[in-house]
Amino acid sequence: MNSDRLDTVVGIVLEFAEAYHLNAEFIKDMNNRYDTGEPETEEKVQFLRNVLPMLPASSNLVDLIKETLESVDTRNEEAKITKVSSYLLPNGGLVSVYRVDNEMIGDFFVATFDDGSNEVTWGCGVDTDDALKSAEDEWGKYNSGENPFSQVVKAIQS
């Protein structure tokens with residue numbers, strides 16, 4: 001593993017965290033570690049593992065972090081992914097929620113939308129509701145019109 005790449009990815013994530021006001025304590029700690037010296041490789045890897053669930057699951061940054069972690073992680077742990085629920089929408093499409101069990105980065109949930117040709121992850125969270133809300137917000141940033149995740153959230157609440 002090229003340590004320059006690891007440093008570059010950590011730097012990109014720190015800049016992203018600052019730009020998007022992600023204020024988790026472990027982000028502040030990593031900034032402080034760079035201010036006082038060079039963090040150890042394991043500290044950088046753990047930082048990337050911790051920040052991963054905070055990012056939009058469909059982003060290029062997530063792919064970059066995962067590739068970087070794969071190149072430094074020798075544990076080769078696999079995640080267990082289980083579909084928790086699916087919601088067929090009246091106007092077409094399918095919203096699904098998956099639970100991801102992984103010792104390396106912790107357990108979390110992802111919400112996806114499948115339009116019949118592609119299934120895309122739109123949100124993640126600590127539980128089903130959190131993942132759906134995250135997906136609802138993320139969808140609203142990039143799409144106008146009817147939000148499939150809003151439909152599901154409303155259906156669950158009624």
# chains A, B, ... in the order shown; residues from 1 in each chain; ligands from 1
>>> closest_atom_pairs(of="stretch 49-98 of chain A", to="stretch 120-125 of chain A", cutoff="12 Å", atoms="only C-alpha atoms", output="JSON lines")
{"residue": "A:Leu52", "atom": "CA", "partner": "A:Cys124", "partner_atom": "CA", "distance": 10.0}
{"residue": "A:Pro53", "atom": "CA", "partner": "A:Cys124", "partner_atom": "CA", "distance": 6.8}
{"residue": "A:Met54", "atom": "CA", "partner": "A:Cys124", "partner_atom": "CA", "distance": 7.7}
{"residue": "A:Leu55", "atom": "CA", "partner": "A:Cys124", "partner_atom": "CA", "distance": 8.0}
{"residue": "A:Pro56", "atom": "CA", "partner": "A:Gly123", "partner_atom": "CA", "distance": 6.0}
{"residue": "A:Ala57", "atom": "CA", "partner": "A:Thr121", "partner_atom": "CA", "distance": 5.9}
{"residue": "A:Ser58", "atom": "CA", "partner": "A:Thr121", "partner_atom": "CA", "distance": 5.5}
{"residue": "A:Ser59", "atom": "CA", "partner": "A:Trp122", "partner_atom": "CA", "distance": 9.2}
{"residue": "A:Val62", "atom": "CA", "partner": "A:Thr121", "partner_atom": "CA", "distance": 11.5}
{"residue": "A:Gly93", "atom": "CA", "partner": "A:Val120", "partner_atom": "CA", "distance": 11.4}
{"residue": "A:Leu94", "atom": "CA", "partner": "A:Val120", "partner_atom": "CA", "distance": 10.6}
{"residue": "A:Val95", "atom": "CA", "partner": "A:Val120", "partner_atom": "CA", "distance": 9.7}
{"residue": "A:Ser96", "atom": "CA", "partner": "A:Thr121", "partner_atom": "CA", "distance": 9.2}
{"residue": "A:Val97", "atom": "CA", "partner": "A:Cys124", "partner_atom": "CA", "distance": 9.1}
{"residue": "A:Tyr98", "atom": "CA", "partner": "A:Cys124", "partner_atom": "CA", "distance": 9.3}
>>> write_last_selection(atoms="C-alpha atoms", output="CSV table (one decimal), in the first residue's frame")
chain,number,residue,atom,x,y,z
A,52,LEU,CA,-17.5,5.8,5.9
A,53,PRO,CA,-21.1,5.4,7.4
A,54,MET,CA,-21.4,9.2,7.6
A,55,LEU,CA,-21.1,9.8,3.8
A,56,PRO,CA,-23.7,9.4,1.1
A,57,ALA,CA,-23.5,5.8,0.1
A,58,SER,CA,-23.6,6.6,-3.6
A,59,SER,CA,-20.7,9.0,-3.7
A,62,VAL,CA,-17.2,6.3,-0.6
A,93,GLY,CA,-40.0,1.5,-8.6
A,94,LEU,CA,-38.9,-0.3,-5.5
A,95,VAL,CA,-37.5,1.1,-2.3
A,96,SER,CA,-35.5,-1.4,-0.3
A,97,VAL,CA,-33.7,-1.3,3.0
A,98,TYR,CA,-30.7,-3.5,3.8
>>> residues_around(residues="stretch 10-17 of chain A", least_positions_apart="5", cutoff="8 Å", atoms="only C-alpha atoms", output="list of chain:residue names")
A:Leu22, A:Asn23, A:Ile27, A:Asn31, A:Lys44, A:Phe47, A:Leu48, A:Leu61
>>> write_last_selection(atoms="C-alpha atoms", output="PDB file, in the first residue's frame")
ATOM      1  CA  LEU A  22     -19.212  17.046   9.808  1.00  0.00           C
ATOM      2  CA  ASN A  23     -18.309  17.623  13.450  1.00  0.00           C
ATOM      3  CA  ILE A  27     -12.790  13.970  12.838  1.00  0.00           C
ATOM      4  CA  ASN A  31      -7.185  16.996  12.573  1.00  0.00           C
ATOM      5  CA  LYS A  44      -5.655   6.686   9.487  1.00  0.00           C
ATOM      6  CA  PHE A  47     -10.485   7.139  10.793  1.00  0.00           C
ATOM      7  CA  LEU A  48     -11.590   6.104   7.294  1.00  0.00           C
ATOM      8  CA  LEU A  61     -15.704   9.456  -2.144  1.00  0.00           C
TER       9      LEU A  61
END
>>> closest_residue(among="A:Glu42, A:Phe108, A:Val72, A:Ala155", to="A:Arg5", atoms="only C-alpha atoms")
A:Val72
>>> select_by_dssp(residues="stretch 8-129 of chain A", states="helix (DSSP H, G or I)", output="ChimeraX atom specification")
/A:8-19,25-36,41-54,60-72,128-129
>>> residues_around(residues="A:Gly106", least_positions_apart="5", cutoff="10 Å", atoms="only C-alpha atoms", output="PyMOL selection string")
chain A and resi 49-50+52-53+79+100-101+126
>>> closest_residue(among="A:Val51, A:Val45, A:Glu146, A:Lys83", to="A:Glu25", atoms="only C-alpha atoms")
A:Val51
>>> atom_distance(atom1="atom CA of A:Gln151", atom2="atom CA of A:Asn118")
19.2 Å
>>> select_by_dssp(residues="stretch 21-111 of chain A", states="strand (DSSP E)", output="list of chain:residue names")
A:Lys80, A:Ile81, A:Thr82, A:Lys83, A:Val84, A:Ser85, A:Ser86, A:Tyr87, A:Leu88, A:Leu94, A:Val95, A:Ser96, A:Val97, A:Tyr98, A:Arg99, A:Val100, A:Asp101, A:Phe108, A:Phe109, A:Val110, A:Ala111
>>> decode(residues="stretch 4-136 of chain A", atoms="C-alpha atoms", output="tab-separated table (two decimals), in the first residue's frame")
chain	number	residue	atom	x	y	z
A	4	ASP	CA	1.00	8.62	0.02
A	5	ARG	CA	-2.38	7.42	-1.24
A	6	LEU	CA	-3.62	6.80	2.30
A	7	ASP	CA	-2.50	10.31	3.33
A	8	THR	CA	-4.14	11.81	0.25
A	9	VAL	CA	-7.47	10.06	0.90
A	10	VAL	CA	-7.46	11.05	4.59
A	11	GLY	CA	-6.71	14.64	3.52
A	12	ILE	CA	-9.59	14.62	1.03
A	13	VAL	CA	-11.97	13.26	3.67
A	14	LEU	CA	-10.85	15.90	6.19
A	15	GLU	CA	-11.48	18.65	3.62
A	16	PHE	CA	-14.88	17.13	2.79
A	17	ALA	CA	-15.74	16.94	6.49
A	18	GLU	CA	-14.84	20.59	6.95
A	19	ALA	CA	-16.77	21.72	3.86
A	20	TYR	CA	-19.89	19.81	4.91
A	21	HIS	CA	-19.56	20.63	8.62
A	22	LEU	CA	-19.21	17.05	9.81
A	23	ASN	CA	-18.31	17.62	13.45
A	24	ALA	CA	-17.84	14.14	14.85
A	25	GLU	CA	-15.26	13.92	17.62
A	26	PHE	CA	-13.08	11.44	15.69
A	27	ILE	CA	-12.79	13.97	12.84
A	28	LYS	CA	-11.55	16.64	15.26
A	29	ASP	CA	-9.14	14.09	16.75
A	30	MET	CA	-7.64	13.30	13.34
A	31	ASN	CA	-7.19	17.00	12.57
A	32	ASN	CA	-5.43	17.37	15.93
A	33	ARG	CA	-3.18	14.36	15.21
A	34	TYR	CA	-1.99	16.01	11.98
A	35	ASP	CA	-1.43	19.28	13.86
A	36	THR	CA	0.83	17.56	16.40
A	37	GLY	CA	2.59	15.11	14.09
A	38	GLU	CA	2.04	12.27	11.66
A	39	PRO	CA	-0.72	9.82	12.67
A	40	GLU	CA	0.09	6.12	12.51
A	41	THR	CA	-1.20	4.09	9.55
A	42	GLU	CA	-3.68	2.23	11.78
A	43	GLU	CA	-5.06	5.54	13.07
A	44	LYS	CA	-5.65	6.69	9.49
A	45	VAL	CA	-7.33	3.39	8.56
A	46	GLN	CA	-9.58	3.54	11.64
A	47	PHE	CA	-10.48	7.14	10.79
A	48	LEU	CA	-11.59	6.10	7.29
A	49	ARG	CA	-13.60	3.20	8.73
A	50	ASN	CA	-15.34	5.57	11.14
A	51	VAL	CA	-16.21	8.22	8.56
A	52	LEU	CA	-17.55	5.82	5.92
A	53	PRO	CA	-21.07	5.42	7.36
A	54	MET	CA	-21.42	9.23	7.60
A	55	LEU	CA	-21.12	9.75	3.84
A	56	PRO	CA	-23.74	9.43	1.10
A	57	ALA	CA	-23.47	5.79	0.09
A	58	SER	CA	-23.65	6.58	-3.62
A	59	SER	CA	-20.71	8.98	-3.68
A	60	ASN	CA	-17.38	8.61	-5.44
A	61	LEU	CA	-15.70	9.46	-2.14
A	62	VAL	CA	-17.17	6.31	-0.57
A	63	ASP	CA	-15.77	4.22	-3.46
A	64	LEU	CA	-12.35	5.84	-3.00
A	65	ILE	CA	-12.36	5.14	0.74
A	66	LYS	CA	-13.44	1.52	0.23
A	67	GLU	CA	-10.70	0.94	-2.37
A	68	THR	CA	-8.13	2.48	-0.05
A	69	LEU	CA	-9.28	0.40	2.92
A	70	GLU	CA	-9.18	-2.76	0.82
A	71	SER	CA	-5.60	-2.01	-0.16
A	72	VAL	CA	-4.44	-1.61	3.47
A	73	ASP	CA	-6.71	-4.02	5.31
A	74	THR	CA	-5.32	-7.51	5.63
A	75	ARG	CA	-8.26	-8.90	7.59
A	76	ASN	CA	-10.38	-9.44	4.46
A	77	GLU	CA	-13.57	-9.28	6.46
A	78	GLU	CA	-16.73	-9.55	4.45
A	79	ALA	CA	-19.95	-7.77	5.22
A	80	LYS	CA	-23.16	-9.70	5.61
A	81	ILE	CA	-25.94	-7.87	3.77
A	82	THR	CA	-29.55	-8.71	4.54
A	83	LYS	CA	-32.63	-7.18	2.92
A	84	VAL	CA	-34.79	-5.94	5.79
A	85	SER	CA	-37.76	-4.58	3.84
A	86	SER	CA	-39.01	-3.62	0.37
A	87	TYR	CA	-41.73	-1.23	-0.68
A	88	LEU	CA	-43.23	-1.48	-4.16
A	89	LEU	CA	-44.32	1.99	-5.23
A	90	PRO	CA	-47.67	2.55	-6.98
A	91	ASN	CA	-46.09	4.57	-9.82
A	92	GLY	CA	-43.28	2.07	-10.35
A	93	GLY	CA	-40.00	1.48	-8.64
A	94	LEU	CA	-38.93	-0.32	-5.51
A	95	VAL	CA	-37.48	1.10	-2.30
A	96	SER	CA	-35.48	-1.41	-0.27
A	97	VAL	CA	-33.65	-1.25	3.05
A	98	TYR	CA	-30.66	-3.48	3.78
A	99	ARG	CA	-28.80	-4.17	7.00
A	100	VAL	CA	-25.03	-4.33	6.60
A	101	ASP	CA	-23.24	-6.31	9.33
A	102	ASN	CA	-19.50	-5.76	9.32
A	103	GLU	CA	-17.04	-5.98	12.20
A	104	MET	CA	-14.58	-3.67	10.43
A	105	ILE	CA	-16.80	-0.58	10.13
A	106	GLY	CA	-19.76	-1.50	12.30
A	107	ASP	CA	-23.37	-2.28	11.48
A	108	PHE	CA	-25.57	0.12	9.53
A	109	PHE	CA	-28.56	0.25	7.20
A	110	VAL	CA	-28.80	1.47	3.61
A	111	ALA	CA	-31.86	2.56	1.63
A	112	THR	CA	-31.96	2.01	-2.13
A	113	PHE	CA	-34.23	2.87	-5.03
A	114	ASP	CA	-34.60	0.49	-7.98
A	115	ASP	CA	-36.22	1.97	-11.09
A	116	GLY	CA	-36.30	-1.40	-12.85
A	117	SER	CA	-32.93	-1.02	-14.55
A	118	ASN	CA	-30.65	0.20	-11.73
A	119	GLU	CA	-30.66	-0.11	-7.95
A	120	VAL	CA	-28.90	2.87	-6.36
A	121	THR	CA	-28.09	3.47	-2.71
A	122	TRP	CA	-29.42	6.86	-1.60
A	123	GLY	CA	-29.01	6.85	2.16
A	124	CYS	CA	-27.52	5.14	5.17
A	125	GLY	CA	-28.15	5.27	8.88
A	126	VAL	CA	-28.08	3.55	12.22
A	127	ASP	CA	-31.53	2.02	11.72
A	128	THR	CA	-34.20	1.60	9.03
A	129	ASP	CA	-35.89	4.93	9.74
A	130	ASP	CA	-32.58	6.79	9.76
A	131	ALA	CA	-31.56	5.23	6.42
A	132	LEU	CA	-34.90	6.13	4.83
A	133	LYS	CA	-34.73	9.71	6.14
A	134	SER	CA	-31.16	10.06	4.88
A	135	ALA	CA	-32.24	8.75	1.47
A	136	GLU	CA	-35.25	11.07	1.43
